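Written below as structure tokens is the structure these notes are about.
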Amino acid sequence: SSSNYITDRKSVSFYASGSNIYSPQGTTLLKFNLTDNSAWLDPSTLRLQFKINNPRNRTLQLINCNPANFFRRLIIRCNGVQIEDLDFYNRLTNMMMNLMPYHKKFNMMGETFPLDSMTEENTMFYLQHDFKNFSPQIKANESITVQMPFFSGLTSCSKYLPLRFLQGLTFELVLVSHYKDAALKTWYDHTNNEEPTWTISEPVIKCQTITIDN
């Protein structure tokens, strides 16, 4: 980042095209077009940010603290050509996060669910063991904003990507088919358990781009 051939680095946002509200029974495809006429993309900085909304007057309990649970498939295209297609994306990310070392989990915790959604007991268990036993909760009629990295070959490469020559980089994420794929239940005072309902909104890809001295 401090090399003399890099003349500029900036944070940018790419918003989803089409709808702004997504759910298993509504719009299920999130599509992002990453384009720029001159900049190079730093793939290690790619993050997806979105809101999880609980529309009921009951507390919503999620499966665990992995925001990727909401997506069953990730497709990446370059100039319209498919270069990656990761089916069962939610399962893949859970497996990879289970195998992460302790310190990497600690760093990722700050990127996924807000700390105020964690109890002290669950937080300590999450740090000392694994994230799958931590089940975040969203209060009735409230929302939380989460952020997640992408698990893919492209985003794991250590090379900057020339967006100009790629002629468009497209990320497509498909929501899970059922609400319960990402949430356990809704409840009130731990009674009257119901089938979970949720929506996600305001999705945006955040990353950093650089300008290289020609």
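Chains: A, B, ... in order of the structure tokens. Residues: from 1 per chain. Ligands: from 1, in order shown.
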Using only C-alpha atoms, determine which residues lie at most 9 Å from Cys78 of chain A, disregarding the query and same-chain residues fewer than 2 positions distant; provide the list as a compact mmCIF listing (two decimals) with N, CA and C atoms, in the first residue's frame.
# COMPACT_ATOMS: atom_id res chain seq x y z
N ILE A 76 -19.62 -15.57 -9.35
CA ILE A 76 -18.78 -14.43 -9.75
C ILE A 76 -18.57 -14.51 -11.26
N GLY A 80 -19.18 -11.00 -18.01
CA GLY A 80 -20.26 -11.90 -18.35
C GLY A 80 -19.91 -13.37 -18.34
N VAL A 81 -18.64 -13.71 -18.17
CA VAL A 81 -18.20 -15.10 -18.15
C VAL A 81 -18.11 -15.59 -16.71
N GLN A 82 -18.75 -16.69 -16.42
CA GLN A 82 -18.74 -17.23 -15.05
C GLN A 82 -17.37 -17.80 -14.71
N ILE A 83 -16.79 -17.29 -13.63
CA ILE A 83 -15.47 -17.77 -13.22
C ILE A 83 -15.51 -18.52 -11.89
N LEU A 166 -10.86 -6.04 -16.83
CA LEU A 166 -11.83 -7.10 -16.58
C LEU A 166 -13.18 -6.79 -17.22
N GLN A 167 -13.41 -5.52 -17.55
CA GLN A 167 -14.64 -5.07 -18.20
C GLN A 167 -15.89 -5.46 -17.39
N GLY A 168 -15.77 -5.33 -16.10
CA GLY A 168 -16.92 -5.58 -15.23
C GLY A 168 -16.78 -6.86 -14.45
N LEU A 169 -16.85 -6.74 -13.14
CA LEU A 169 -16.80 -7.88 -12.25
C LEU A 169 -18.16 -7.93 -11.53
N THR A 170 -18.86 -9.06 -11.66
CA THR A 170 -20.21 -9.18 -11.12
C THR A 170 -20.26 -10.22 -10.02
Give the strand (DSSP E or B) residues of segment 36-72 of chain A, as assigned by DSSP on the backbone, as a PyMOL selection string.
-> chain A and resi 40-53+59-62+71-72
Export, as an mmCIF file, in the first residue's frame, the selected residues with N, CA and C atoms.
data_model
loop_
_atom_site.group_PDB
_atom_site.id
_atom_site.type_symbol
_atom_site.label_atom_id
_atom_site.label_comp_id
_atom_site.auth_asym_id
_atom_site.auth_seq_id
_atom_site.Cartn_x
_atom_site.Cartn_y
_atom_site.Cartn_z
ATOM 1 N N TRP A 40 -7.651 -0.229 -9.700
ATOM 2 C CA TRP A 40 -7.387 -1.646 -9.460
ATOM 3 C C TRP A 40 -8.042 -2.015 -8.139
ATOM 4 N N LEU A 41 -8.644 -3.187 -8.108
ATOM 5 C CA LEU A 41 -9.362 -3.644 -6.915
ATOM 6 C C LEU A 41 -8.435 -4.468 -6.029
ATOM 7 N N ASP A 42 -8.470 -4.164 -4.735
ATOM 8 C CA ASP A 42 -7.769 -4.983 -3.746
ATOM 9 C C ASP A 42 -8.763 -6.028 -3.236
ATOM 10 N N PRO A 43 -8.693 -7.280 -3.711
ATOM 11 C CA PRO A 43 -9.732 -8.269 -3.369
ATOM 12 C C PRO A 43 -9.763 -8.643 -1.899
ATOM 13 N N SER A 44 -8.667 -8.435 -1.182
ATOM 14 C CA SER A 44 -8.650 -8.787 0.242
ATOM 15 C C SER A 44 -9.527 -7.867 1.075
ATOM 16 N N THR A 45 -9.935 -6.736 0.512
ATOM 17 C CA THR A 45 -10.748 -5.778 1.267
ATOM 18 C C THR A 45 -12.235 -5.912 0.980
ATOM 19 N N LEU A 46 -12.639 -6.835 0.108
ATOM 20 C CA LEU A 46 -14.050 -6.973 -0.260
ATOM 21 C C LEU A 46 -14.882 -7.425 0.937
ATOM 22 N N ARG A 47 -15.948 -6.686 1.217
ATOM 23 C CA ARG A 47 -16.873 -7.022 2.287
ATOM 24 C C ARG A 47 -18.303 -6.758 1.817
ATOM 25 N N LEU A 48 -19.218 -7.640 2.237
ATOM 26 C CA LEU A 48 -20.632 -7.429 1.987
ATOM 27 C C LEU A 48 -21.289 -6.957 3.275
ATOM 28 N N GLN A 49 -21.981 -5.846 3.198
ATOM 29 C CA GLN A 49 -22.686 -5.294 4.351
ATOM 30 C C GLN A 49 -24.180 -5.244 4.055
ATOM 31 N N PHE A 50 -25.002 -5.626 5.036
ATOM 32 C CA PHE A 50 -26.444 -5.569 4.853
ATOM 33 C C PHE A 50 -27.140 -5.540 6.205
ATOM 34 N N LYS A 51 -28.426 -5.211 6.166
ATOM 35 C CA LYS A 51 -29.253 -5.193 7.374
ATOM 36 C C LYS A 51 -30.086 -6.460 7.451
ATOM 37 N N ILE A 52 -30.194 -7.021 8.649
ATOM 38 C CA ILE A 52 -31.122 -8.122 8.909
ATOM 39 C C ILE A 52 -32.285 -7.541 9.699
ATOM 40 N N ASN A 53 -33.475 -7.689 9.147
ATOM 41 C CA ASN A 53 -34.659 -7.076 9.748
ATOM 42 C C ASN A 53 -35.568 -8.139 10.358
ATOM 43 N N THR A 59 -38.802 -11.831 19.459
ATOM 44 C CA THR A 59 -37.355 -11.878 19.289
ATOM 45 C C THR A 59 -36.992 -12.925 18.246
ATOM 46 N N LEU A 60 -36.096 -12.561 17.354
ATOM 47 C CA LEU A 60 -35.627 -13.476 16.312
ATOM 48 C C LEU A 60 -34.284 -14.058 16.723
ATOM 49 N N GLN A 61 -34.177 -15.378 16.753
ATOM 50 C CA GLN A 61 -32.940 -16.052 17.135
ATOM 51 C C GLN A 61 -32.328 -16.701 15.902
ATOM 52 N N LEU A 62 -31.101 -16.295 15.584
ATOM 53 C CA LEU A 62 -30.409 -16.810 14.400
ATOM 54 C C LEU A 62 -29.651 -18.086 14.733
ATOM 55 N N PHE A 71 -27.164 -16.960 2.546
ATOM 56 C CA PHE A 71 -26.929 -17.125 1.116
ATOM 57 C C PHE A 71 -26.538 -18.567 0.800
ATOM 58 N N ARG A 72 -27.250 -19.165 -0.139
ATOM 59 C CA ARG A 72 -26.971 -20.552 -0.496
ATOM 60 C C ARG A 72 -26.058 -20.684 -1.698
#
Name all residues at most 12 Å from segment 141-149 of chain A (count only C-alpha atoms; drop same-chain ones fewer than 4 positions away) and give them as a ChimeraX atom specification.
-> /A:43-60,62,65-71,93,97,107-117,136-137,155-156,186,197-207
Between A:Tyr179, A:Phe165, A:Phe171, A:Tyr160, smallest distance to Phe32 of chain A by only C-alpha atoms belongs to A:Phe171
Figure out the distance between atom CA of Ile6 of chain A and atom CA of Asn37 of chain A, please, to one decimal in Å.
-> 16.3 Å
One-decimal distance in Å that lies between atom CA of Lys180 of chain A and atom CA of Leu99 of chain A | 24.0 Å
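Take the candidates A:Glu172, A:Glu195, A:Asp213, A:Asp181 and check each one against Glu84 of chain A using only C-alpha atoms; the shortest distance goes to A:Glu172.
Remark: for Pro162 of chain A, the closest of the candidate residues A:Tyr89, A:Ser13, A:Ile212, A:Met100 is A:Ile212 (distances computed over only C-alpha atoms).
Rounded to one decimal, atom CA of Leu30 of chain A and atom CA of Val174 of chain A lie 6.4 Å from each other.
Each of A:Leu175, A:Ala182, A:Ala140, A:Cys157 was checked against Thr27 of chain A using only C-alpha atoms; the smallest atom-to-atom distance is that of A:Leu175.
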Might you pull out every residue within 8 Å of Asp85 of chain A, with only C-alpha atoms counted and same-chain residues fewer than 4 positions away left off, and present them as a ChimeraX atom specification?
-> /A:73-76
Hey, what's within 7 Å of Lys10 of chain A if we count only C-alpha atoms and toss same-chain stuff fewer than 6 positions away? As a list in words, please?
-> Gln208, Thr209 and Ile210 of chain A
Could the residues in this selection be written to a file with C-alpha atoms, as a PDB file, in the first residue's frame?
ATOM      1  CA  GLN A 208     -10.726  -0.479  -1.510  1.00  0.00           C
ATOM      2  CA  THR A 209      -9.371   0.438  -4.916  1.00  0.00           C
ATOM      3  CA  ILE A 210      -5.952   1.762  -5.829  1.00  0.00           C
TER       4      ILE A 210
END
Run DSSP on the backbone and grab whatever in chain A lands in helix (DSSP H, G or I); send it over as an MDAnalysis selection string.
-> chainID A and resid 67:70 89:98 102:109 115:117 120:128 131:133 153:156 163:166 179:181
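Closest approach to Arg91 of chain A among A:Arg9, A:Arg77, A:Arg164, A:Phe151: A:Phe151, based on only C-alpha atoms.
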